2 protein chains.
Amino acid sequence: MTNLKHNSSKGICLWLTGLPGSGKTTVAKAVEKQLFDRGVRIERLDGDVVRQSLTADLGFSREDRDTNISRVAFVARLLQRNDVVTLCSFITPYRAQSDIVRDTVDDVRIVYVEASVDACVERDPKGMYAQAKRGEIKNFTGIDAPYEKPVTADLVLHTEEETVEESAKKIIDYLVQEGVEI
Amino acid sequence: MTNLKHNSSKGICLWLTGLPGSGKTTVAKAVEKQLFDRGVRIERLDGDVVRQSLTADLGFSREDRDTNISRVAFVARLLQRNDVVTLCSFITPYRAQSDIVRDTVDDVRIVYVEASVDACVERDPKGMYAQAKRGEIKNFTGIDAPYEKPVTADLVLHTEEETVEESAKKIIDYLVQEGVEI
């Protein structure tokens, strides 16, 4: 990566953090679709996307989770500074990981996708909470691994009260408010 | 990464392959500087850059080298399709790796940076050939690991005969010929 200064980027990175099943990817996909239709440069990264190649070797240990965040933040940095609106949906269970993200990406905002563990267990879109409760998955965030709520989120979505459309609109409105050309 | 179609990218990826010391990074830096000065969206990736985070875990085994190429190609794909001129300087010693690159990145050209092993050993900018000859580094391309010359390079640079400026100009001319807006 160049060390030359990218001063005039129109890109921004929104880093969505929250429990498994909180709705991070669902909301990100809704935002992605709307921005893409408007011709905005947009990329969406989440575990399902990056695990194919970028993080294929990583598991759920603390060290692996840190490495996962670091690698994705590296990529998000490159995209953001080249005028891409970059949506990253990762559990990011430790506050120190949000710090890594803030330290790596030039223009990034932390979006806390809030939902209670009970609500997420109820949704369980991938059946993983059930597996974790049966002990078939270890170190599963919300069951036997911690989730530290972010203390300095730039935006909070409440997916138990909001529809997907409402949460997506909050993000779009936030981008407009922040001066992103969309 | 979105599955939505990016049809109108103005980006291109140039993937520079060649022996250690062949001049890949030196030429890429010269091109980068010129394009950056013209206001072109440009990123340059090489081992020194990505090893800090993206590929920190990888060594020089065949498997690790393949993984290295796959991860970088993943990133190059995202940049290229978002209108970034992406310069990647990696030894890429196996033809199968160039195939991975071509399969991953939508618009990529292979640039063979040609120089003889003798010339590269003579230059030895990082002192690594000397270390490899003393057996301090194993699996070093050109000494005890193979380099398969690409058979389908889109552009060939001859860094034993050309100056850095001449090689850089060949790349710039190639980009213009290919219709890249620079």
# chains A, B, ... in the order shown; residues from 1 in each chain; ligands from 1

$ calpha_fit_and_write --fixed "chain B" --moving "chain A" --output "short mmCIF file (atom, residue, chain, number, x, y, z; two decimals) with N, CA and C atoms, in the first residue's frame"
data_model
loop_
_atom_site.label_atom_id
_atom_site.label_comp_id
_atom_site.auth_asym_id
_atom_site.auth_seq_id
_atom_site.Cartn_x
_atom_site.Cartn_y
_atom_site.Cartn_z
N MET A 1 -18.37 -9.31 0.43
CA MET A 1 -18.35 -8.60 -0.85
C MET A 1 -19.68 -8.80 -1.53
N THR A 2 -20.11 -7.76 -2.13
CA THR A 2 -21.39 -7.84 -2.80
C THR A 2 -21.36 -8.80 -3.99
N ASN A 3 -22.48 -9.37 -4.29
CA ASN A 3 -22.59 -10.16 -5.52
C ASN A 3 -23.18 -9.33 -6.64
N LEU A 4 -23.53 -8.08 -6.32
CA LEU A 4 -24.08 -7.21 -7.34
C LEU A 4 -23.00 -6.97 -8.38
N LYS A 5 -23.41 -6.75 -9.60
CA LYS A 5 -22.43 -6.64 -10.68
C LYS A 5 -21.81 -5.25 -10.77
N HIS A 6 -20.51 -5.24 -10.84
CA HIS A 6 -19.79 -3.98 -11.04
C HIS A 6 -19.41 -3.95 -12.52
N ASN A 7 -20.18 -3.29 -13.31
CA ASN A 7 -19.98 -3.41 -14.75
C ASN A 7 -19.05 -2.37 -15.34
N SER A 8 -18.91 -1.26 -14.67
CA SER A 8 -18.29 -0.12 -15.33
C SER A 8 -16.98 0.30 -14.69
N SER A 9 -16.26 -0.66 -14.12
CA SER A 9 -15.04 -0.27 -13.41
C SER A 9 -14.00 0.30 -14.35
N LYS A 10 -13.37 1.36 -13.87
CA LYS A 10 -12.25 1.94 -14.61
C LYS A 10 -10.93 1.44 -14.03
N GLY A 11 -11.02 0.54 -13.07
CA GLY A 11 -9.81 0.02 -12.46
C GLY A 11 -9.18 -1.09 -13.27
N ILE A 12 -7.93 -1.36 -12.96
CA ILE A 12 -7.23 -2.47 -13.59
C ILE A 12 -6.19 -2.95 -12.58
N CYS A 13 -5.91 -4.22 -12.62
CA CYS A 13 -4.87 -4.76 -11.76
C CYS A 13 -3.70 -5.21 -12.62
N LEU A 14 -2.52 -4.71 -12.29
CA LEU A 14 -1.30 -5.21 -12.92
C LEU A 14 -0.57 -6.07 -11.91
N TRP A 15 -0.38 -7.31 -12.27
CA TRP A 15 0.26 -8.26 -11.35
C TRP A 15 1.67 -8.51 -11.84
N LEU A 16 2.66 -7.98 -11.12
CA LEU A 16 4.06 -8.09 -11.52
C LEU A 16 4.66 -9.35 -10.91
N THR A 17 5.13 -10.24 -11.77
CA THR A 17 5.77 -11.47 -11.32
C THR A 17 7.22 -11.49 -11.77
N GLY A 18 8.07 -12.09 -10.97
CA GLY A 18 9.48 -12.18 -11.33
C GLY A 18 10.31 -12.62 -10.14
N LEU A 19 11.55 -12.94 -10.40
CA LEU A 19 12.46 -13.39 -9.34
C LEU A 19 12.64 -12.33 -8.26
N PRO A 20 13.03 -12.75 -7.07
CA PRO A 20 13.43 -11.76 -6.06
C PRO A 20 14.56 -10.90 -6.64
N GLY A 21 14.46 -9.61 -6.50
CA GLY A 21 15.50 -8.73 -7.01
C GLY A 21 15.36 -8.37 -8.49
N SER A 22 14.28 -8.84 -9.13
CA SER A 22 14.12 -8.55 -10.56
C SER A 22 13.70 -7.11 -10.79
N GLY A 23 13.20 -6.44 -9.75
CA GLY A 23 12.83 -5.03 -9.89
C GLY A 23 11.33 -4.77 -9.84
N LYS A 24 10.55 -5.76 -9.45
CA LYS A 24 9.09 -5.62 -9.42
C LYS A 24 8.65 -4.40 -8.60
N THR A 25 9.11 -4.36 -7.38
CA THR A 25 8.65 -3.30 -6.48
C THR A 25 9.22 -1.95 -6.89
N THR A 26 10.46 -1.94 -7.34
CA THR A 26 11.08 -0.68 -7.76
C THR A 26 10.30 -0.05 -8.91
N VAL A 27 9.96 -0.86 -9.90
CA VAL A 27 9.20 -0.35 -11.03
C VAL A 27 7.78 0.06 -10.58
N ALA A 28 7.18 -0.79 -9.73
CA ALA A 28 5.81 -0.48 -9.27
C ALA A 28 5.78 0.85 -8.53
N LYS A 29 6.79 1.09 -7.72
CA LYS A 29 6.84 2.37 -6.98
C LYS A 29 6.96 3.56 -7.93
N ALA A 30 7.74 3.39 -8.99
CA ALA A 30 7.89 4.48 -9.96
C ALA A 30 6.57 4.75 -10.67
N VAL A 31 5.85 3.69 -11.01
CA VAL A 31 4.55 3.85 -11.67
C VAL A 31 3.55 4.49 -10.70
N GLU A 32 3.57 3.98 -9.47
CA GLU A 32 2.66 4.51 -8.44
C GLU A 32 2.81 6.01 -8.29
N LYS A 33 4.06 6.45 -8.19
CA LYS A 33 4.33 7.87 -7.97
C LYS A 33 3.75 8.71 -9.11
N GLN A 34 4.00 8.27 -10.34
CA GLN A 34 3.52 9.03 -11.50
C GLN A 34 2.00 9.09 -11.55
N LEU A 35 1.36 7.95 -11.28
CA LEU A 35 -0.11 7.92 -11.35
C LEU A 35 -0.72 8.71 -10.20
N PHE A 36 -0.11 8.60 -9.03
CA PHE A 36 -0.63 9.34 -7.89
C PHE A 36 -0.58 10.83 -8.16
N ASP A 37 0.52 11.28 -8.76
CA ASP A 37 0.67 12.70 -9.08
C ASP A 37 -0.38 13.17 -10.09
N ARG A 38 -0.88 12.22 -10.89
CA ARG A 38 -1.92 12.58 -11.85
C ARG A 38 -3.33 12.46 -11.24
N GLY A 39 -3.41 12.10 -9.98
CA GLY A 39 -4.71 12.01 -9.32
C GLY A 39 -5.45 10.72 -9.57
N VAL A 40 -4.73 9.72 -10.04
CA VAL A 40 -5.36 8.42 -10.29
C VAL A 40 -5.50 7.66 -8.97
N ARG A 41 -6.62 6.96 -8.81
CA ARG A 41 -6.76 6.07 -7.66
C ARG A 41 -5.78 4.91 -7.84
N ILE A 42 -4.88 4.77 -6.91
CA ILE A 42 -3.80 3.80 -7.07
C ILE A 42 -3.47 3.16 -5.72
N GLU A 43 -3.29 1.87 -5.73
CA GLU A 43 -2.75 1.19 -4.55
C GLU A 43 -1.66 0.22 -5.01
N ARG A 44 -0.68 0.08 -4.17
CA ARG A 44 0.43 -0.82 -4.47
C ARG A 44 0.55 -1.82 -3.34
N LEU A 45 0.51 -3.07 -3.69
CA LEU A 45 0.64 -4.15 -2.70
C LEU A 45 1.90 -4.95 -3.00
N ASP A 46 2.67 -5.22 -1.98
CA ASP A 46 3.78 -6.15 -2.14
C ASP A 46 4.01 -6.85 -0.81
N GLY A 47 4.97 -7.75 -0.79
CA GLY A 47 5.19 -8.56 0.40
C GLY A 47 5.45 -7.73 1.64
N ASP A 48 6.25 -6.70 1.50
CA ASP A 48 6.57 -5.87 2.67
C ASP A 48 5.32 -5.21 3.25
N VAL A 49 4.40 -4.87 2.38
CA VAL A 49 3.17 -4.21 2.81
C VAL A 49 2.20 -5.19 3.47
N VAL A 50 1.96 -6.30 2.83
CA VAL A 50 0.90 -7.19 3.33
C VAL A 50 1.36 -8.06 4.49
N ARG A 51 2.68 -8.26 4.60
CA ARG A 51 3.17 -9.15 5.65
C ARG A 51 2.91 -8.59 7.05
N GLN A 52 2.70 -7.27 7.14
CA GLN A 52 2.43 -6.66 8.44
C GLN A 52 1.12 -7.17 9.06
N SER A 53 0.15 -7.48 8.21
CA SER A 53 -1.12 -7.91 8.80
C SER A 53 -1.77 -9.02 7.98
N LEU A 54 -1.88 -8.80 6.70
CA LEU A 54 -2.68 -9.71 5.88
C LEU A 54 -2.09 -11.11 5.81
N THR A 55 -0.79 -11.19 5.77
CA THR A 55 -0.14 -12.50 5.57
C THR A 55 0.96 -12.74 6.60
N ALA A 56 0.77 -12.15 7.79
CA ALA A 56 1.80 -12.22 8.83
C ALA A 56 2.11 -13.66 9.23
N ASP A 57 1.14 -14.56 9.03
CA ASP A 57 1.30 -15.93 9.49
C ASP A 57 1.99 -16.84 8.48
N LEU A 58 2.27 -16.33 7.29
CA LEU A 58 2.68 -17.22 6.20
C LEU A 58 4.19 -17.30 6.03
N GLY A 59 4.66 -18.50 5.69
CA GLY A 59 6.06 -18.73 5.40
C GLY A 59 6.29 -18.96 3.92
N PHE A 60 7.26 -19.81 3.60
CA PHE A 60 7.64 -19.99 2.21
C PHE A 60 7.36 -21.39 1.66
N SER A 61 6.54 -22.15 2.37
CA SER A 61 6.14 -23.44 1.82
C SER A 61 5.24 -23.21 0.61
N ARG A 62 5.08 -24.24 -0.19
CA ARG A 62 4.22 -24.10 -1.36
C ARG A 62 2.80 -23.70 -0.95
N GLU A 63 2.30 -24.35 0.08
CA GLU A 63 0.93 -24.06 0.53
C GLU A 63 0.81 -22.61 1.00
N ASP A 64 1.78 -22.17 1.77
CA ASP A 64 1.73 -20.79 2.27
C ASP A 64 1.85 -19.78 1.12
N ARG A 65 2.67 -20.11 0.13
CA ARG A 65 2.81 -19.21 -1.01
C ARG A 65 1.50 -19.12 -1.79
N ASP A 66 0.81 -20.24 -1.91
CA ASP A 66 -0.49 -20.23 -2.60
C ASP A 66 -1.49 -19.37 -1.81
N THR A 67 -1.51 -19.56 -0.50
CA THR A 67 -2.43 -18.80 0.35
C THR A 67 -2.15 -17.31 0.25
N ASN A 68 -0.87 -16.97 0.25
CA ASN A 68 -0.45 -15.58 0.12
C ASN A 68 -1.05 -14.96 -1.15
N ILE A 69 -0.88 -15.66 -2.26
CA ILE A 69 -1.39 -15.15 -3.53
C ILE A 69 -2.91 -15.04 -3.50
N SER A 70 -3.57 -16.03 -2.92
CA SER A 70 -5.04 -16.02 -2.87
C SER A 70 -5.55 -14.83 -2.07
N ARG A 71 -4.94 -14.58 -0.94
CA ARG A 71 -5.41 -13.46 -0.10
C ARG A 71 -5.21 -12.12 -0.80
N VAL A 72 -4.05 -11.96 -1.40
CA VAL A 72 -3.78 -10.69 -2.06
C VAL A 72 -4.71 -10.53 -3.27
N ALA A 73 -4.94 -11.60 -4.00
CA ALA A 73 -5.83 -11.53 -5.16
C ALA A 73 -7.24 -11.13 -4.73
N PHE A 74 -7.67 -11.63 -3.58
CA PHE A 74 -8.99 -11.27 -3.04
C PHE A 74 -9.06 -9.75 -2.84
N VAL A 75 -8.02 -9.19 -2.26
CA VAL A 75 -7.99 -7.75 -2.02
C VAL A 75 -7.91 -6.98 -3.33
N ALA A 76 -7.05 -7.46 -4.23
CA ALA A 76 -6.89 -6.79 -5.53
C ALA A 76 -8.20 -6.77 -6.29
N ARG A 77 -8.96 -7.85 -6.18
CA ARG A 77 -10.26 -7.90 -6.86
C ARG A 77 -11.17 -6.76 -6.39
N LEU A 78 -11.22 -6.59 -5.06
CA LEU A 78 -12.10 -5.55 -4.50
C LEU A 78 -11.66 -4.16 -4.95
N LEU A 79 -10.35 -3.93 -4.95
CA LEU A 79 -9.86 -2.62 -5.36
C LEU A 79 -10.09 -2.39 -6.84
N GLN A 80 -9.72 -3.35 -7.66
CA GLN A 80 -9.83 -3.18 -9.11
C GLN A 80 -11.26 -2.87 -9.52
N ARG A 81 -12.20 -3.59 -8.95
CA ARG A 81 -13.59 -3.38 -9.41
C ARG A 81 -14.21 -2.10 -8.86
N ASN A 82 -13.47 -1.44 -7.97
CA ASN A 82 -13.90 -0.13 -7.48
C ASN A 82 -13.02 0.98 -8.05
N ASP A 83 -12.58 0.78 -9.29
CA ASP A 83 -11.93 1.84 -10.07
C ASP A 83 -10.52 2.18 -9.63
N VAL A 84 -9.88 1.26 -8.91
CA VAL A 84 -8.52 1.53 -8.45
C VAL A 84 -7.52 0.82 -9.37
N VAL A 85 -6.50 1.54 -9.80
CA VAL A 85 -5.37 0.91 -10.48
C VAL A 85 -4.54 0.23 -9.39
N THR A 86 -4.44 -1.07 -9.46
CA THR A 86 -3.88 -1.86 -8.38
C THR A 86 -2.61 -2.56 -8.86
N LEU A 87 -1.50 -2.20 -8.27
CA LEU A 87 -0.21 -2.76 -8.65
C LEU A 87 0.22 -3.79 -7.60
N CYS A 88 0.35 -5.03 -8.02
CA CYS A 88 0.73 -6.10 -7.09
C CYS A 88 2.09 -6.64 -7.49
N SER A 89 3.05 -6.60 -6.59
CA SER A 89 4.39 -7.11 -6.86
C SER A 89 4.65 -8.33 -5.99
N PHE A 90 4.56 -9.47 -6.57
CA PHE A 90 4.79 -10.72 -5.84
C PHE A 90 5.53 -11.69 -6.74
N ILE A 91 6.44 -12.44 -6.17
CA ILE A 91 7.25 -13.36 -6.97
C ILE A 91 6.34 -14.24 -7.84
N THR A 92 5.29 -14.79 -7.22
CA THR A 92 4.31 -15.63 -7.94
C THR A 92 5.06 -16.70 -8.74
N PRO A 93 5.79 -17.56 -8.03
CA PRO A 93 6.73 -18.44 -8.73
C PRO A 93 6.08 -19.56 -9.54
N TYR A 94 4.83 -19.90 -9.25
CA TYR A 94 4.20 -21.02 -9.94
C TYR A 94 3.13 -20.52 -10.91
N ARG A 95 3.12 -21.11 -12.09
CA ARG A 95 2.12 -20.70 -13.09
C ARG A 95 0.70 -20.87 -12.55
N ALA A 96 0.51 -21.92 -11.74
CA ALA A 96 -0.83 -22.14 -11.17
C ALA A 96 -1.27 -20.94 -10.33
N GLN A 97 -0.30 -20.22 -9.79
CA GLN A 97 -0.66 -19.03 -9.00
C GLN A 97 -1.12 -17.89 -9.89
N SER A 98 -0.50 -17.74 -11.03
CA SER A 98 -1.00 -16.74 -11.99
C SER A 98 -2.42 -17.09 -12.41
N ASP A 99 -2.70 -18.38 -12.50
CA ASP A 99 -4.07 -18.80 -12.84
C ASP A 99 -5.05 -18.40 -11.74
N ILE A 100 -4.62 -18.57 -10.48
CA ILE A 100 -5.47 -18.13 -9.36
C ILE A 100 -5.78 -16.65 -9.50
N VAL A 101 -4.75 -15.88 -9.81
CA VAL A 101 -4.91 -14.44 -9.94
C VAL A 101 -5.90 -14.12 -11.06
N ARG A 102 -5.72 -14.75 -12.20
CA ARG A 102 -6.63 -14.49 -13.34
C ARG A 102 -8.05 -14.91 -13.02
N ASP A 103 -8.19 -15.99 -12.26
CA ASP A 103 -9.54 -16.47 -11.93
C ASP A 103 -10.22 -15.58 -10.90
N THR A 104 -9.43 -14.88 -10.10
CA THR A 104 -10.01 -14.11 -8.98
C THR A 104 -10.33 -12.67 -9.39
N VAL A 105 -9.40 -12.03 -10.05
CA VAL A 105 -9.55 -10.60 -10.33
C VAL A 105 -10.22 -10.42 -11.70
N ASP A 106 -11.22 -9.57 -11.74
CA ASP A 106 -11.99 -9.41 -12.98
C ASP A 106 -11.14 -8.91 -14.14
N ASP A 107 -10.37 -7.85 -13.88
CA ASP A 107 -9.58 -7.26 -14.96
C ASP A 107 -8.13 -7.16 -14.50
N VAL A 108 -7.36 -8.15 -14.87
CA VAL A 108 -5.97 -8.24 -14.39
C VAL A 108 -5.06 -8.58 -15.55
N ARG A 109 -3.87 -8.03 -15.55
CA ARG A 109 -2.86 -8.34 -16.55
C ARG A 109 -1.59 -8.80 -15.84
N ILE A 110 -0.99 -9.83 -16.39
CA ILE A 110 0.24 -10.37 -15.82
C ILE A 110 1.43 -9.67 -16.48
N VAL A 111 2.27 -9.07 -15.65
CA VAL A 111 3.46 -8.37 -16.14
C VAL A 111 4.68 -9.17 -15.67
N TYR A 112 5.42 -9.71 -16.63
CA TYR A 112 6.60 -10.49 -16.28
C TYR A 112 7.81 -9.55 -16.20
N VAL A 113 8.38 -9.46 -15.02
CA VAL A 113 9.56 -8.62 -14.82
C VAL A 113 10.78 -9.54 -14.94
N GLU A 114 11.35 -9.50 -16.15
CA GLU A 114 12.37 -10.49 -16.48
C GLU A 114 13.79 -10.00 -16.15
N ALA A 115 14.51 -10.84 -15.43
CA ALA A 115 15.94 -10.62 -15.18
C ALA A 115 16.52 -11.99 -14.87
N SER A 116 17.75 -12.20 -15.26
CA SER A 116 18.36 -13.51 -15.03
C SER A 116 18.66 -13.70 -13.54
N VAL A 117 18.76 -14.96 -13.15
CA VAL A 117 19.13 -15.24 -11.76
C VAL A 117 20.47 -14.57 -11.44
N ASP A 118 21.41 -14.67 -12.38
CA ASP A 118 22.74 -14.07 -12.13
C ASP A 118 22.62 -12.57 -11.83
N ALA A 119 21.81 -11.89 -12.62
CA ALA A 119 21.65 -10.45 -12.40
C ALA A 119 21.00 -10.18 -11.04
N CYS A 120 20.03 -10.99 -10.69
CA CYS A 120 19.33 -10.77 -9.42
C CYS A 120 20.25 -11.07 -8.23
N VAL A 121 21.06 -12.12 -8.37
CA VAL A 121 22.02 -12.44 -7.31
C VAL A 121 23.03 -11.30 -7.17
N GLU A 122 23.41 -10.74 -8.28
CA GLU A 122 24.36 -9.61 -8.29
C GLU A 122 23.76 -8.40 -7.57
N ARG A 123 22.48 -8.12 -7.86
CA ARG A 123 21.82 -6.97 -7.21
C ARG A 123 21.60 -7.24 -5.72
N ASP A 124 20.92 -8.35 -5.46
CA ASP A 124 20.59 -8.83 -4.10
C ASP A 124 20.26 -7.67 -3.15
N PRO A 125 19.21 -6.91 -3.44
CA PRO A 125 18.95 -5.67 -2.70
C PRO A 125 18.72 -5.88 -1.21
N LYS A 126 18.21 -7.05 -0.84
CA LYS A 126 17.94 -7.29 0.59
C LYS A 126 18.92 -8.28 1.21
N GLY A 127 19.94 -8.66 0.45
CA GLY A 127 20.92 -9.61 0.98
C GLY A 127 20.38 -11.01 1.16
N MET A 128 19.22 -11.29 0.55
CA MET A 128 18.58 -12.58 0.80
C MET A 128 19.16 -13.71 -0.06
N TYR A 129 19.64 -13.37 -1.26
CA TYR A 129 20.30 -14.41 -2.05
C TYR A 129 21.52 -14.93 -1.31
N ALA A 130 22.28 -14.01 -0.72
CA ALA A 130 23.47 -14.41 0.04
C ALA A 130 23.08 -15.33 1.19
N GLN A 131 22.01 -14.96 1.88
CA GLN A 131 21.55 -15.80 2.99
C GLN A 131 21.11 -17.18 2.49
N ALA A 132 20.40 -17.17 1.35
CA ALA A 132 19.92 -18.44 0.80
C ALA A 132 21.09 -19.33 0.38
N LYS A 133 22.11 -18.70 -0.21
CA LYS A 133 23.28 -19.49 -0.63
C LYS A 133 24.02 -20.08 0.56
N ARG A 134 23.96 -19.37 1.69
CA ARG A 134 24.59 -19.90 2.91
C ARG A 134 23.67 -20.88 3.63
N GLY A 135 22.47 -21.11 3.06
CA GLY A 135 21.54 -22.06 3.66
C GLY A 135 20.76 -21.49 4.82
N GLU A 136 20.85 -20.17 5.03
CA GLU A 136 20.15 -19.56 6.16
C GLU A 136 18.68 -19.33 5.87
N ILE A 137 18.32 -19.29 4.59
CA ILE A 137 16.92 -19.23 4.18
C ILE A 137 16.67 -20.44 3.29
N LYS A 138 15.61 -21.17 3.58
CA LYS A 138 15.27 -22.33 2.77
C LYS A 138 14.15 -21.96 1.80
N ASN A 139 14.03 -22.72 0.74
CA ASN A 139 12.96 -22.54 -0.25
C ASN A 139 12.97 -21.15 -0.85
N PHE A 140 14.16 -20.64 -1.14
CA PHE A 140 14.27 -19.30 -1.69
C PHE A 140 14.22 -19.38 -3.23
N THR A 141 13.28 -18.67 -3.80
CA THR A 141 13.08 -18.74 -5.25
C THR A 141 14.34 -18.32 -5.99
N GLY A 142 14.76 -19.15 -6.94
CA GLY A 142 15.96 -18.86 -7.73
C GLY A 142 17.17 -19.61 -7.22
N ILE A 143 17.12 -20.03 -5.94
CA ILE A 143 18.24 -20.78 -5.37
C ILE A 143 17.82 -22.24 -5.14
N ASP A 144 16.93 -22.46 -4.18
CA ASP A 144 16.49 -23.83 -3.94
C ASP A 144 14.97 -23.99 -4.02
N ALA A 145 14.32 -23.04 -4.71
CA ALA A 145 12.91 -23.19 -5.05
C ALA A 145 12.74 -22.66 -6.47
N PRO A 146 11.83 -23.27 -7.22
CA PRO A 146 11.74 -22.94 -8.66
C PRO A 146 11.04 -21.62 -8.94
N TYR A 147 11.34 -21.04 -10.09
CA TYR A 147 10.53 -19.95 -10.64
C TYR A 147 10.09 -20.35 -12.04
N GLU A 148 8.81 -20.51 -12.21
CA GLU A 148 8.26 -20.87 -13.53
C GLU A 148 7.93 -19.60 -14.28
N LYS A 149 8.66 -19.35 -15.36
CA LYS A 149 8.38 -18.14 -16.15
C LYS A 149 6.94 -18.20 -16.67
N PRO A 150 6.24 -17.07 -16.61
CA PRO A 150 4.85 -17.10 -17.13
C PRO A 150 4.86 -17.30 -18.64
N VAL A 151 3.91 -18.09 -19.11
CA VAL A 151 3.84 -18.35 -20.56
C VAL A 151 2.82 -17.44 -21.23
N THR A 152 1.99 -16.77 -20.43
CA THR A 152 0.94 -15.94 -21.02
C THR A 152 0.98 -14.53 -20.45
N ALA A 153 2.18 -13.99 -20.31
CA ALA A 153 2.28 -12.62 -19.77
C ALA A 153 1.68 -11.63 -20.77
N ASP A 154 1.04 -10.60 -20.24
CA ASP A 154 0.45 -9.56 -21.09
C ASP A 154 1.48 -8.50 -21.44
N LEU A 155 2.51 -8.40 -20.62
CA LEU A 155 3.56 -7.39 -20.83
C LEU A 155 4.84 -7.93 -20.21
N VAL A 156 5.96 -7.71 -20.87
CA VAL A 156 7.24 -8.17 -20.33
C VAL A 156 8.18 -6.97 -20.18
N LEU A 157 8.76 -6.85 -19.00
CA LEU A 157 9.78 -5.82 -18.77
C LEU A 157 11.14 -6.52 -18.71
N HIS A 158 12.14 -5.88 -19.30
CA HIS A 158 13.48 -6.47 -19.29
C HIS A 158 14.39 -5.57 -18.47
N THR A 159 14.43 -5.83 -17.18
CA THR A 159 15.08 -4.86 -16.29
C THR A 159 16.60 -4.91 -16.33
N GLU A 160 17.14 -5.87 -17.07
CA GLU A 160 18.60 -5.84 -17.26
C GLU A 160 18.98 -4.83 -18.34
N GLU A 161 18.09 -4.62 -19.29
CA GLU A 161 18.40 -3.69 -20.39
C GLU A 161 17.76 -2.33 -20.18
N GLU A 162 16.61 -2.30 -19.49
CA GLU A 162 15.86 -1.05 -19.35
C GLU A 162 16.22 -0.35 -18.03
N THR A 163 16.16 0.96 -18.04
CA THR A 163 16.23 1.68 -16.76
C THR A 163 14.87 1.56 -16.08
N VAL A 164 14.83 1.91 -14.80
CA VAL A 164 13.57 1.90 -14.06
C VAL A 164 12.56 2.80 -14.78
N GLU A 165 13.02 3.96 -15.22
CA GLU A 165 12.14 4.91 -15.88
C GLU A 165 11.57 4.31 -17.17
N GLU A 166 12.41 3.61 -17.90
CA GLU A 166 11.94 2.99 -19.15
C GLU A 166 10.90 1.90 -18.88
N SER A 167 11.16 1.08 -17.87
CA SER A 167 10.19 0.03 -17.53
C SER A 167 8.87 0.65 -17.07
N ALA A 168 8.97 1.69 -16.23
CA ALA A 168 7.76 2.36 -15.75
C ALA A 168 6.99 2.96 -16.92
N LYS A 169 7.71 3.53 -17.88
CA LYS A 169 7.04 4.12 -19.03
C LYS A 169 6.32 3.06 -19.86
N LYS A 170 6.93 1.88 -19.96
CA LYS A 170 6.26 0.79 -20.68
C LYS A 170 4.91 0.45 -20.03
N ILE A 171 4.90 0.47 -18.71
CA ILE A 171 3.64 0.18 -18.01
C ILE A 171 2.63 1.30 -18.23
N ILE A 172 3.08 2.53 -18.09
CA ILE A 172 2.17 3.67 -18.30
C ILE A 172 1.61 3.62 -19.73
N ASP A 173 2.48 3.40 -20.69
CA ASP A 173 2.04 3.33 -22.09
C ASP A 173 1.03 2.19 -22.28
N TYR A 174 1.29 1.09 -21.62
CA TYR A 174 0.39 -0.06 -21.72
C TYR A 174 -1.00 0.31 -21.17
N LEU A 175 -1.01 0.98 -20.03
CA LEU A 175 -2.29 1.38 -19.43
C LEU A 175 -3.07 2.29 -20.37
N VAL A 176 -2.36 3.24 -20.96
CA VAL A 176 -3.02 4.16 -21.90
C VAL A 176 -3.58 3.37 -23.09
N GLN A 177 -2.76 2.48 -23.62
CA GLN A 177 -3.19 1.65 -24.76
C GLN A 177 -4.43 0.83 -24.42
N GLU A 178 -4.53 0.39 -23.16
CA GLU A 178 -5.66 -0.43 -22.72
C GLU A 178 -6.88 0.43 -22.35
N GLY A 179 -6.74 1.73 -22.51
CA GLY A 179 -7.90 2.59 -22.28
C GLY A 179 -8.14 2.99 -20.84
N VAL A 180 -7.16 2.75 -19.98
CA VAL A 180 -7.31 3.17 -18.59
C VAL A 180 -7.18 4.69 -18.53
N GLU A 181 -8.09 5.32 -17.80
CA GLU A 181 -8.08 6.79 -17.71
C GLU A 181 -7.02 7.23 -16.72
N ILE A 182 -5.86 7.63 -17.25
CA ILE A 182 -4.80 8.09 -16.36
C ILE A 182 -4.26 9.42 -16.83
#

$ select_by_dssp --residues "stretch 7-168 of chain B" --states "alpha helix (DSSP H)" --output "PyMOL selection string"
chain B and resi 24-37+47-50+62-80+95-104+117-123+128-133+164-168

$ select_by_dssp --residues "stretch 5-153 of chain B" --states "strand (DSSP E or B)" --output "compact mmCIF listing (two decimals) with C-alpha atoms, in the first residue's frame"
# COMPACT_ATOMS: atom_id res chain seq x y z
CA ILE B 12 -7.23 -2.47 -13.60
CA CYS B 13 -4.86 -4.75 -11.75
CA LEU B 14 -1.30 -5.21 -12.91
CA TRP B 15 0.25 -8.25 -11.34
CA LEU B 16 4.05 -8.10 -11.52
CA THR B 17 5.76 -11.49 -11.32
CA ILE B 42 -3.79 3.80 -7.06
CA GLU B 43 -2.76 1.18 -4.55
CA ARG B 44 0.43 -0.81 -4.47
CA LEU B 45 0.63 -4.14 -2.70
CA ASP B 46 3.79 -6.15 -2.13
CA VAL B 85 -5.37 0.91 -10.48
CA THR B 86 -3.88 -1.87 -8.38
CA LEU B 87 -0.21 -2.77 -8.65
CA CYS B 88 0.73 -6.09 -7.08
CA SER B 89 4.40 -7.11 -6.85
CA VAL B 108 -5.97 -8.24 -14.39
CA ARG B 109 -2.87 -8.35 -16.54
CA ILE B 110 0.24 -10.37 -15.82
CA VAL B 111 3.46 -8.38 -16.14
CA TYR B 112 6.60 -10.50 -16.27
CA VAL B 113 9.57 -8.63 -14.82
CA GLU B 114 12.38 -10.49 -16.49
CA THR B 141 13.08 -18.74 -5.25
CA ALA B 145 12.90 -23.19 -5.05
